[in-house]
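**Student:** One file is attached below, model_16.txt, containing compact mmCIF, C-alpha atoms.
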# COMPACT_ATOMS: atom_id res chain seq x y z
CA MET V 1 40.08 109.85 51.19
CA LYS V 2 39.83 113.29 52.83
CA LEU V 3 40.57 111.71 56.20
CA PHE V 4 43.71 110.06 54.84
CA PHE V 5 45.10 113.40 53.63
CA ILE V 6 44.23 115.15 56.88
CA LEU V 7 45.97 112.42 58.90
CA LEU V 8 48.96 112.53 56.56
CA LEU V 9 49.18 116.31 56.98
CA ALA V 10 48.85 116.00 60.77
CA VAL V 11 51.55 113.31 60.96
CA SER V 12 53.97 115.28 58.80
CA LEU V 13 53.47 118.50 60.78
CA ARG V 14 53.97 116.71 64.10
CA LEU V 15 56.97 114.59 63.07
CA TRP V 16 58.79 117.18 60.96
CA ASN V 17 62.13 117.87 62.64
CA LEU V 18 60.80 116.41 65.90
CA PRO V 19 64.15 115.83 67.68
CA SER V 20 65.11 119.49 67.47
CA ARG V 21 61.62 120.87 68.13
CA MET V 22 60.77 118.66 71.10
CA PRO V 23 61.22 120.45 74.42
CA PHE V 24 62.64 118.37 77.23
CA LEU V 25 62.12 119.74 80.73
CA ALA V 26 62.99 118.57 84.23
CA ASP V 27 59.44 117.26 84.76
CA GLN V 28 59.74 115.05 81.70
CA GLY V 29 63.10 113.72 82.86
CA ARG V 30 61.64 112.90 86.28
CA ASP V 31 58.64 111.16 84.71
CA MET V 32 60.74 109.13 82.30
CA LEU V 33 63.01 108.02 85.13
CA ILE V 34 59.94 106.87 87.06
CA VAL V 35 58.76 104.86 84.05
CA TYR V 36 62.27 103.46 83.61
CA HIS V 37 62.34 102.28 87.22
CA MET V 38 58.81 100.87 86.90
CA VAL V 39 59.86 98.77 83.91
CA GLN V 40 63.27 97.73 85.24
CA ASN V 41 62.00 96.79 88.71
CA GLN V 42 58.70 95.41 87.38
CA ARG V 43 56.84 97.40 90.06
CA PRO V 44 53.86 99.40 88.80
CA THR V 45 52.92 102.61 90.55
CA LEU V 46 49.56 103.94 91.65
CA LEU V 47 50.85 107.48 92.16
CA GLY V 48 51.17 109.84 89.22
CA PRO V 49 53.16 113.03 88.71
CA PRO V 50 53.04 115.66 91.47
CA SER V 51 51.08 118.85 90.94
CA SER V 52 52.90 122.14 90.95
CA GLN V 53 49.96 123.81 92.74
CA GLY V 54 50.01 121.96 96.02
CA ASN V 55 50.71 118.73 97.80
CA PHE V 56 48.69 116.35 95.66
CA PHE V 57 49.39 114.00 92.79
CA PHE V 58 47.68 113.23 89.51
CA GLY V 59 46.74 109.69 88.56
CA PRO V 60 49.32 107.28 87.13
CA LEU V 61 47.71 106.98 83.68
CA TYR V 62 50.28 109.34 82.16
CA TYR V 63 53.11 106.97 83.09
CA TYR V 64 51.30 104.03 81.51
CA LEU V 65 50.56 106.02 78.34
CA ILE V 66 54.19 106.98 77.74
CA ALA V 67 55.66 103.60 78.78
CA PRO V 68 55.12 101.73 75.46
CA GLY V 69 56.85 104.48 73.47
CA LEU V 70 59.75 104.62 75.89
CA ILE V 71 60.15 100.83 75.86
CA LEU V 72 60.06 100.66 72.05
CA THR V 73 62.68 103.41 71.71
CA ASN V 74 64.92 102.04 74.48
CA PHE V 75 63.93 104.92 76.77
CA ASN V 76 64.69 107.66 74.29
CA PRO V 77 62.55 110.70 75.21
CA LEU V 78 61.26 110.79 71.62
CA GLY V 79 59.27 107.65 72.44
CA ALA V 80 57.12 109.51 74.93
CA SER V 81 56.43 112.28 72.41
CA LEU V 82 55.54 109.68 69.81
CA MET V 83 52.90 108.31 72.16
CA VAL V 84 51.39 111.79 72.56
CA ILE V 85 51.37 112.16 68.78
CA LEU V 86 49.71 108.74 68.38
CA ILE V 87 46.91 109.57 70.82
CA ASP V 88 46.51 112.97 69.15
CA LEU V 89 46.13 111.34 65.71
CA ILE V 90 43.64 108.80 67.04
CA GLY V 91 41.70 111.71 68.52
CA LEU V 92 41.80 113.48 65.13
CA TYR V 93 40.39 110.36 63.47
CA PHE V 94 37.50 110.18 65.93
CA LEU V 95 36.91 113.94 65.68
CA PHE V 96 36.48 113.59 61.92
CA ARG V 97 34.16 110.61 62.40
CA LEU V 98 32.17 112.63 64.94
CA THR V 99 31.77 115.83 62.92
CA HIS V 100 32.25 114.66 59.31
CA SER V 101 33.72 118.11 58.82
CA PHE V 102 36.82 118.52 56.71
CA LEU V 103 37.31 122.05 58.05
CA ILE V 104 37.21 121.09 61.74
CA ALA V 105 39.61 118.21 61.17
CA LEU V 106 41.90 120.49 59.15
CA ILE V 107 41.94 123.07 61.96
CA TYR V 108 42.76 120.34 64.50
CA ALA V 109 45.48 118.92 62.24
CA THR V 110 47.17 122.27 61.59
CA SER V 111 46.67 124.09 64.89
CA PRO V 112 50.11 125.34 65.98
CA LEU V 113 49.22 124.93 69.65
CA LEU V 114 48.10 121.31 69.23
CA ILE V 115 51.17 120.55 67.13
CA HIS V 116 53.44 122.04 69.80
CA TRP V 117 51.65 120.13 72.58
CA SER V 118 51.88 116.84 70.74
CA GLN V 119 55.63 117.23 70.32
CA SER V 120 56.22 117.23 74.05
CA ALA V 121 55.35 114.64 76.66
CA LEU V 122 53.57 116.14 79.64
CA ASN V 123 50.43 114.77 81.26
CA PRO V 124 47.98 117.48 80.03
CA PHE V 125 49.02 117.03 76.40
CA PHE V 126 47.09 113.75 76.09
CA ILE V 127 43.83 115.58 76.89
CA PRO V 128 42.83 116.88 73.41
CA GLY V 129 43.04 113.47 71.74
CA LEU V 130 41.34 111.61 74.58
CA THR V 131 38.60 114.26 74.78
CA ALA V 132 37.83 113.81 71.07
CA ILE V 133 37.54 110.06 71.62
CA CYS V 134 35.31 110.64 74.66
CA LEU V 135 33.03 112.97 72.66
CA PHE V 136 32.76 110.38 69.91
CA CYS V 137 31.76 107.73 72.44
CA LEU V 138 29.17 110.10 73.94
CA SER V 139 27.69 110.73 70.50
CA ARG V 140 27.31 106.97 70.00
CA ARG V 141 25.69 106.59 73.45
CA ARG V 142 28.52 104.45 74.77
CA TRP V 143 27.95 105.72 78.30
CA PHE V 144 30.21 103.25 80.11
CA LEU V 145 33.16 103.81 77.78
CA SER V 146 32.59 107.58 77.92
CA GLY V 147 32.66 107.44 81.71
CA ILE V 148 35.86 105.40 81.73
CA LEU V 149 37.51 107.87 79.34
CA ALA V 150 36.27 110.84 81.38
CA GLY V 151 37.82 109.34 84.51
CA ARG V 152 41.08 108.83 82.66
CA ILE V 153 41.05 112.41 81.38
CA ILE V 154 40.58 113.70 84.93
CA GLN V 155 43.61 111.61 85.99
CA LEU V 156 45.74 113.53 83.50
CA HIS V 157 44.83 116.96 84.88
CA TYR V 158 42.19 118.12 87.33
CA ALA V 159 41.56 121.27 85.28
CA THR V 160 39.41 119.07 83.01
CA LEU V 161 36.87 118.46 85.77
CA PRO V 162 34.62 121.43 84.84
CA LEU V 163 34.62 120.33 81.19
CA LEU V 164 33.54 116.84 82.10
CA ILE V 165 30.83 118.09 84.45
CA VAL V 166 29.37 120.08 81.54
CA LEU V 167 29.63 117.09 79.19
CA PHE V 168 27.76 114.74 81.49
CA TRP V 169 25.21 117.25 82.82
Please, can you express the file's structure as structure tokens?

**Tutor:**
Amino acid sequence: MKLFFILLLAVSLRLWNLPSRMPFLADQGRDMLIVYHMVQNQRPTLLGPPSSQGNFFFGPLYYYLIAPGLILTNFNPLGASLMVILIDLIGLYFLFRLTHSFLIALIYATSPLLIHWSQSALNPFFIPGLTAICLFCLSRRRWFLSGILAGRIIQLHYATLPLLIVLFW
């Protein structure tokens, strides 16, 4: 029952006035156009968003994570943010199952930074939810699934590499 109220609180804080609180930047427009062309041309990509710190690219997972939301909303940018919110809520569920702590889940649900991140669709904003799922899998000794998730998290942003090295050390 506690989990239900925490999830309800998290959903309401993330969805409240979402259209006016959701930032939409040039990077998001570029990424949504790429997903649009992937769907319209039925040609998947193996190259993700470019990095702003050099001439390299992230993995394409971000495009595939936002695609269902964009398709369901007829390519409205809110669809991509809804996918970030969904992954964030799934991560909150697994965080509660991992810690069994009402306080930790409440902090995650009401953190202004996490709420702001979940209202925008950029590749690093999937990391908190996926990391919570990865930690849950590690706690249950699901090594293969944890490794798959860790690889996916690294695809979203290479800054997570040190975190994952510590987790699997």

**Student:** If you count all atoms listed in the file, which residues fall within 12 Å of Ala80 (chain V), apart from same-chain ones fewer than 2 positions away, as an MDAnalysis selection string?

**Tutor:** chainID V and resid 18:19 22:24 28:29 31:33 35:36 62:78 82:87 118:123 125:126

**Student:** Leaving out region 90-102 of chain V and any residue of its chain fewer than 3 positions from it, which residues lie within 7 Å of it when counting only C-alpha atoms, given as a compact mmCIF listing (two decimals) with C-alpha atoms, in the frame of the given file?

**Tutor:**
# COMPACT_ATOMS: atom_id res chain seq x y z
CA LEU V 86 49.71 108.74 68.38
CA ILE V 87 46.91 109.57 70.82
CA ALA V 105 39.61 118.21 61.17
CA LEU V 106 41.90 120.49 59.15
CA TYR V 108 42.76 120.34 64.50
CA GLY V 129 43.04 113.47 71.74
CA LEU V 130 41.34 111.61 74.58
CA ALA V 132 37.83 113.81 71.07
CA ILE V 133 37.54 110.06 71.62
CA PHE V 136 32.76 110.38 69.91

**Student:** For Ile115 (chain V), which of V:Leu164, V:Leu135, V:Leu89, V:Leu61 is the closest residue, counting all atoms listed in the file?

**Tutor:** V:Leu89

**Student:** Mind pulling up the distance from CA of His116 (chain V) to CA of Ser81 (chain V)?

**Tutor:** 10.5 Å

**Student:** Closest to Gln53 (chain V) among V:His157, V:Asn41, V:Leu167, V:Ser12, using all atoms listed in the file?

**Tutor:**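 Among the listed residues, V:His157 lies closest to Gln53 (chain V).
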
**Student:** Please report the interatomic distance between CA of Leu15 (chain V) and CA of Ile127 (chain V) in Å with one decimal.

**Tutor:**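 Interatomic distance here is 19.1 Å.
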